[in-house]
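See below for the structure under consideration.
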Amino acid sequence: MSRSAAAKIPGLLLRHLGPRLISTSAGGSVTGSAAQGSRPIGLGWVRLPVLEIRSCSTLASGAAGEKKEKAEDGGDEKAVVSSYWGIAPRKITKGDGSPWKWNCFMPWETYQADVSIDIKKHHTPANFVDKFAYWTVQTLKYPTYLFFQRRHMCHAMLLETVAAVPGMVGGMLLHFKSLRRFEHSGGWIKALLEEAENERMHLMTFIDLSQPKWYERALVFAVQGVFSNAYFLAYLVSPKLAHRITGYLEEEAVNSYTEFLNDIEKGEFENVPAPAIAIDYWRLPKDATLKDVIKVIRADEAHHRDLNHFASDIQFQGLELKDHPAPVGYH
């Protein structure tokens with residue numbers, strides 16, 4: 001064969017194979033027009049294999065996917081719920097080894113209420129601010145008594161939605177004050193926030209015993225909205241007035257729960273078993289009843305009464321709360 005004939009053979013082969021696809025075992029078949037993934041060589045076109053690029057994965061993610069599929073298919077693998085940091089949450093148990101069922105509070109936050117506290121203590125108004133605070137509370141008291149009358153459970157729920165406001169508002173404003181002045185609060189931020197949380201737990205206990213009607217929920221919505229803003233302004237203007245108002249509110253709460261207990265003892269209100277959340281929160285005996293719950297709640301309110309009157313007395317003397325340690329943990 002001559003040299004010129006041998007030179008023509010590759011051109012003929014390329015012209016013949018140009019329209020066809022060239023495939024590889026690694027990349028699979030390649031499709032497309034002559035303009036895509038091709039390059040002119042001589043007189044024809046040679047298809048260049050286009051390899052598919054896949055997203056990379058790891059064996060760990062693949063195994064996780066298999067576990068997820070097994071869990072969805074009802075397999076042996078179970079999905080593990082972990083925290084944000086990828087650490088499985090620890091199992092919390094009670095003292096007897098049974099699992100802890102509450103997420104809203106932990107075992108180390110529970111306590112036994114001091115029911116020996118004086119429930120008849122009353123702060124006698126001694127000046128204009130005291131009298132203004134006292135008669136403000138008395139004015140607000142009568143409409144609620146007229147509306148609820150002897151419906152103690154509904155009255156208690158409304159009372160707790162209001163009683164949980166002062167501690168949160170006062171704690172928040174003292175928090176801001178501490179940040180502005182670069183100074184400690186003497187523990188009063190923590191004490192007031194503990195008070196607010198304690199009042200909220202009272203409400204959570206009553207919710208387990210009774211559900212408010214729609215118009216009672218509407219009343220709570222309106223009263224809380226008005227009272228929260230009014231108390232916020234009062235605390236900005238005069239913290240000692242705000243604490244005195246709270247002290248008198250807590251006095252009325254003690255009186256209200258005393259009437260509740262009297263009606264239970266008279267048989268006018270059923271002494272039902274205590275809800276589980278109350279038994280765990282106040283460390284009550286397993287056979288505790290509603291009467292036991294009302295007693296510890298009344299003791300809490302009496303402690304809140306003393307705390308707020310104490311805070312007001314400090315400020316009436318021209319002193320700062322931060323200079324007098326707050327009774328932290330004083331439920």
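Each chain in the structure tokens gets a letter, A, B, ..., in the order shown, and its residues are numbered from 1; ligands are numbered from 1 in order too.
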Write out as a count of residues only which residues come within 10 Å of Glu320 (chain A) when counting only C-alpha atoms, dropping same-chain ones fewer than 4 positions away. 7
Give me, as a PyMOL selection string, all polymer residues having an atom no more than 7 Å from Val115 (chain A), counting only C-alpha atoms and skipping those fewer than 3 positions away in the same chain. chain A and resi 295-296+299
Would you pick out the contacts of Arg305 (chain A) at 10 Å or less, using only C-alpha atoms, so that residues sharing its chain but fewer than 4 positions from it are not included, and give the list as a list in words?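 Listed by chain and then number, they are Ile119, Lys121, His122, His123, His243, Arg244, Ile245, Thr246, Gly247, Tyr248, Leu249, Glu250, Glu251, Glu252, Ala253, Val254, Ala299, Asp300, Glu301, His309 and Phe310 of chain A.
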If you run DSSP on this backbone, which residues of region 72-260 of chain A come out as helix (DSSP H, G or I), and could you give them as a ChimeraX atom specification? /A:72,107-109,128-148,152-181,188-209,214-237,239-260
So that I have them on file, write out the residues from the current selection with C-alpha atoms, as a short mmCIF file (atom, residue, chain, number, x, y, z; two decimals), in the first residue's frame.
data_model
loop_
_atom_site.label_atom_id
_atom_site.label_comp_id
_atom_site.auth_asym_id
_atom_site.auth_seq_id
_atom_site.Cartn_x
_atom_site.Cartn_y
_atom_site.Cartn_z
CA GLU A 72 -39.43 4.65 57.93
CA PRO A 107 -36.54 17.91 89.65
CA TRP A 108 -33.99 20.32 91.15
CA GLU A 109 -36.52 23.18 90.76
CA PHE A 128 -50.22 58.59 100.35
CA VAL A 129 -48.47 56.07 98.07
CA ASP A 130 -49.52 53.18 100.32
CA LYS A 131 -53.12 54.37 100.41
CA PHE A 132 -53.18 54.89 96.66
CA ALA A 133 -51.86 51.35 96.10
CA TYR A 134 -54.29 49.85 98.61
CA TRP A 135 -57.42 51.49 97.22
CA THR A 136 -56.35 50.74 93.66
CA VAL A 137 -56.32 47.04 94.52
CA GLN A 138 -59.61 47.29 96.42
CA THR A 139 -61.23 49.00 93.44
CA LEU A 140 -60.05 46.23 91.10
CA LYS A 141 -61.13 43.49 93.51
CA TYR A 142 -64.87 44.03 93.56
CA PRO A 143 -65.61 43.62 89.84
CA THR A 144 -63.84 40.25 89.82
CA TYR A 145 -65.73 39.05 92.90
CA LEU A 146 -68.99 40.17 91.32
CA PHE A 147 -68.18 38.37 88.07
CA PHE A 148 -66.91 35.05 89.48
CA HIS A 152 -63.24 29.59 92.70
CA MET A 153 -61.46 27.66 89.96
CA CYS A 154 -62.17 30.24 87.26
CA HIS A 155 -61.39 33.06 89.68
CA ALA A 156 -58.06 31.44 90.53
CA MET A 157 -57.10 31.13 86.87
CA LEU A 158 -57.81 34.81 86.22
CA LEU A 159 -55.94 35.74 89.39
CA GLU A 160 -52.83 33.81 88.32
CA THR A 161 -52.76 35.32 84.82
CA VAL A 162 -52.55 38.75 86.50
CA ALA A 163 -50.29 37.76 89.40
CA ALA A 164 -47.61 36.45 87.02
CA VAL A 165 -47.21 39.87 85.39
CA PRO A 166 -45.49 42.01 88.10
CA GLY A 167 -42.53 39.68 88.63
CA MET A 168 -41.80 39.49 84.91
CA VAL A 169 -42.16 43.25 84.34
CA GLY A 170 -40.13 44.16 87.43
CA GLY A 171 -37.42 41.61 86.66
CA MET A 172 -37.16 42.82 83.07
CA LEU A 173 -36.85 46.49 84.03
CA LEU A 174 -34.28 45.73 86.72
CA HIS A 175 -32.37 43.70 84.14
CA PHE A 176 -32.28 46.70 81.79
CA LYS A 177 -31.24 48.96 84.67
CA SER A 178 -28.39 46.63 85.57
CA LEU A 179 -27.17 46.71 81.96
CA ARG A 180 -27.40 50.50 81.69
CA ARG A 181 -25.59 51.18 84.95
CA TRP A 188 -33.58 40.93 92.73
CA ILE A 189 -33.79 40.10 89.03
CA LYS A 190 -33.67 36.40 89.82
CA ALA A 191 -36.07 36.74 92.75
CA LEU A 192 -38.72 38.54 90.68
CA LEU A 193 -38.40 36.16 87.73
CA GLU A 194 -38.73 33.23 90.14
CA GLU A 195 -41.93 34.82 91.41
CA ALA A 196 -43.31 35.12 87.88
CA GLU A 197 -42.45 31.51 87.08
CA ASN A 198 -43.99 30.32 90.33
CA GLU A 199 -47.24 32.15 89.56
CA ARG A 200 -47.27 30.62 86.08
CA MET A 201 -46.93 27.15 87.60
CA HIS A 202 -50.01 27.90 89.69
CA LEU A 203 -51.88 28.54 86.46
CA MET A 204 -50.56 25.35 84.84
CA THR A 205 -51.86 23.42 87.86
CA PHE A 206 -55.36 24.86 87.59
CA ILE A 207 -55.46 24.21 83.84
CA ASP A 208 -55.13 20.50 84.66
CA LEU A 209 -58.26 20.76 86.80
CA TRP A 214 -64.34 31.30 75.74
CA TYR A 215 -65.60 34.47 77.44
CA GLU A 216 -63.29 33.88 80.40
CA ARG A 217 -60.36 33.56 78.01
CA ALA A 218 -61.44 36.82 76.38
CA LEU A 219 -61.58 38.47 79.80
CA VAL A 220 -58.07 37.23 80.63
CA PHE A 221 -56.81 38.56 77.29
CA ALA A 222 -58.25 42.03 77.97
CA VAL A 223 -57.28 42.24 81.65
CA GLN A 224 -53.73 41.04 81.06
CA GLY A 225 -53.23 43.50 78.20
CA VAL A 226 -54.40 46.47 80.25
CA PHE A 227 -52.70 45.46 83.50
CA SER A 228 -49.34 44.64 81.87
CA ASN A 229 -49.02 48.05 80.26
CA ALA A 230 -50.31 49.90 83.33
CA TYR A 231 -47.90 48.07 85.63
CA PHE A 232 -45.03 48.69 83.23
CA LEU A 233 -45.67 52.44 83.36
CA ALA A 234 -46.15 52.38 87.13
CA TYR A 235 -42.81 50.63 87.63
CA LEU A 236 -41.06 53.17 85.42
CA VAL A 237 -42.55 56.08 87.38
CA PRO A 239 -40.95 51.13 91.61
CA LYS A 240 -41.92 51.44 95.27
CA LEU A 241 -45.54 52.08 94.26
CA ALA A 242 -45.48 49.13 91.88
CA HIS A 243 -44.12 46.77 94.53
CA ARG A 244 -46.67 48.03 97.05
CA ILE A 245 -49.51 47.38 94.60
CA THR A 246 -48.19 43.85 94.09
CA GLY A 247 -47.97 43.33 97.84
CA TYR A 248 -51.65 44.25 98.26
CA LEU A 249 -52.61 42.10 95.27
CA GLU A 250 -50.92 39.14 96.95
CA GLU A 251 -52.79 39.88 100.18
CA GLU A 252 -56.05 39.59 98.26
CA ALA A 253 -54.81 36.37 96.66
CA VAL A 254 -54.21 34.90 100.12
CA ASN A 255 -57.75 35.91 101.17
CA SER A 256 -59.22 34.45 97.99
CA TYR A 257 -57.51 31.08 98.50
CA THR A 258 -58.60 31.05 102.14
CA GLU A 259 -62.23 31.33 100.98
CA PHE A 260 -61.53 28.55 98.46
#
When distances are computed from only C-alpha atoms, which of A:Ile264, A:Lys322, A:Tyr111, A:Asp96 shows the smallest separation from Ile279 (chain A)?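 Among A:Ile264, A:Lys322, A:Tyr111, A:Asp96, it is A:Tyr111 that comes nearest to Ile279 (chain A).
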Can you work out the spacing between CA of Asp292 (chain A) and CA of Ala326 (chain A) in Å, to one decimal?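 Here the two named atoms are 28.1 Å from each other.
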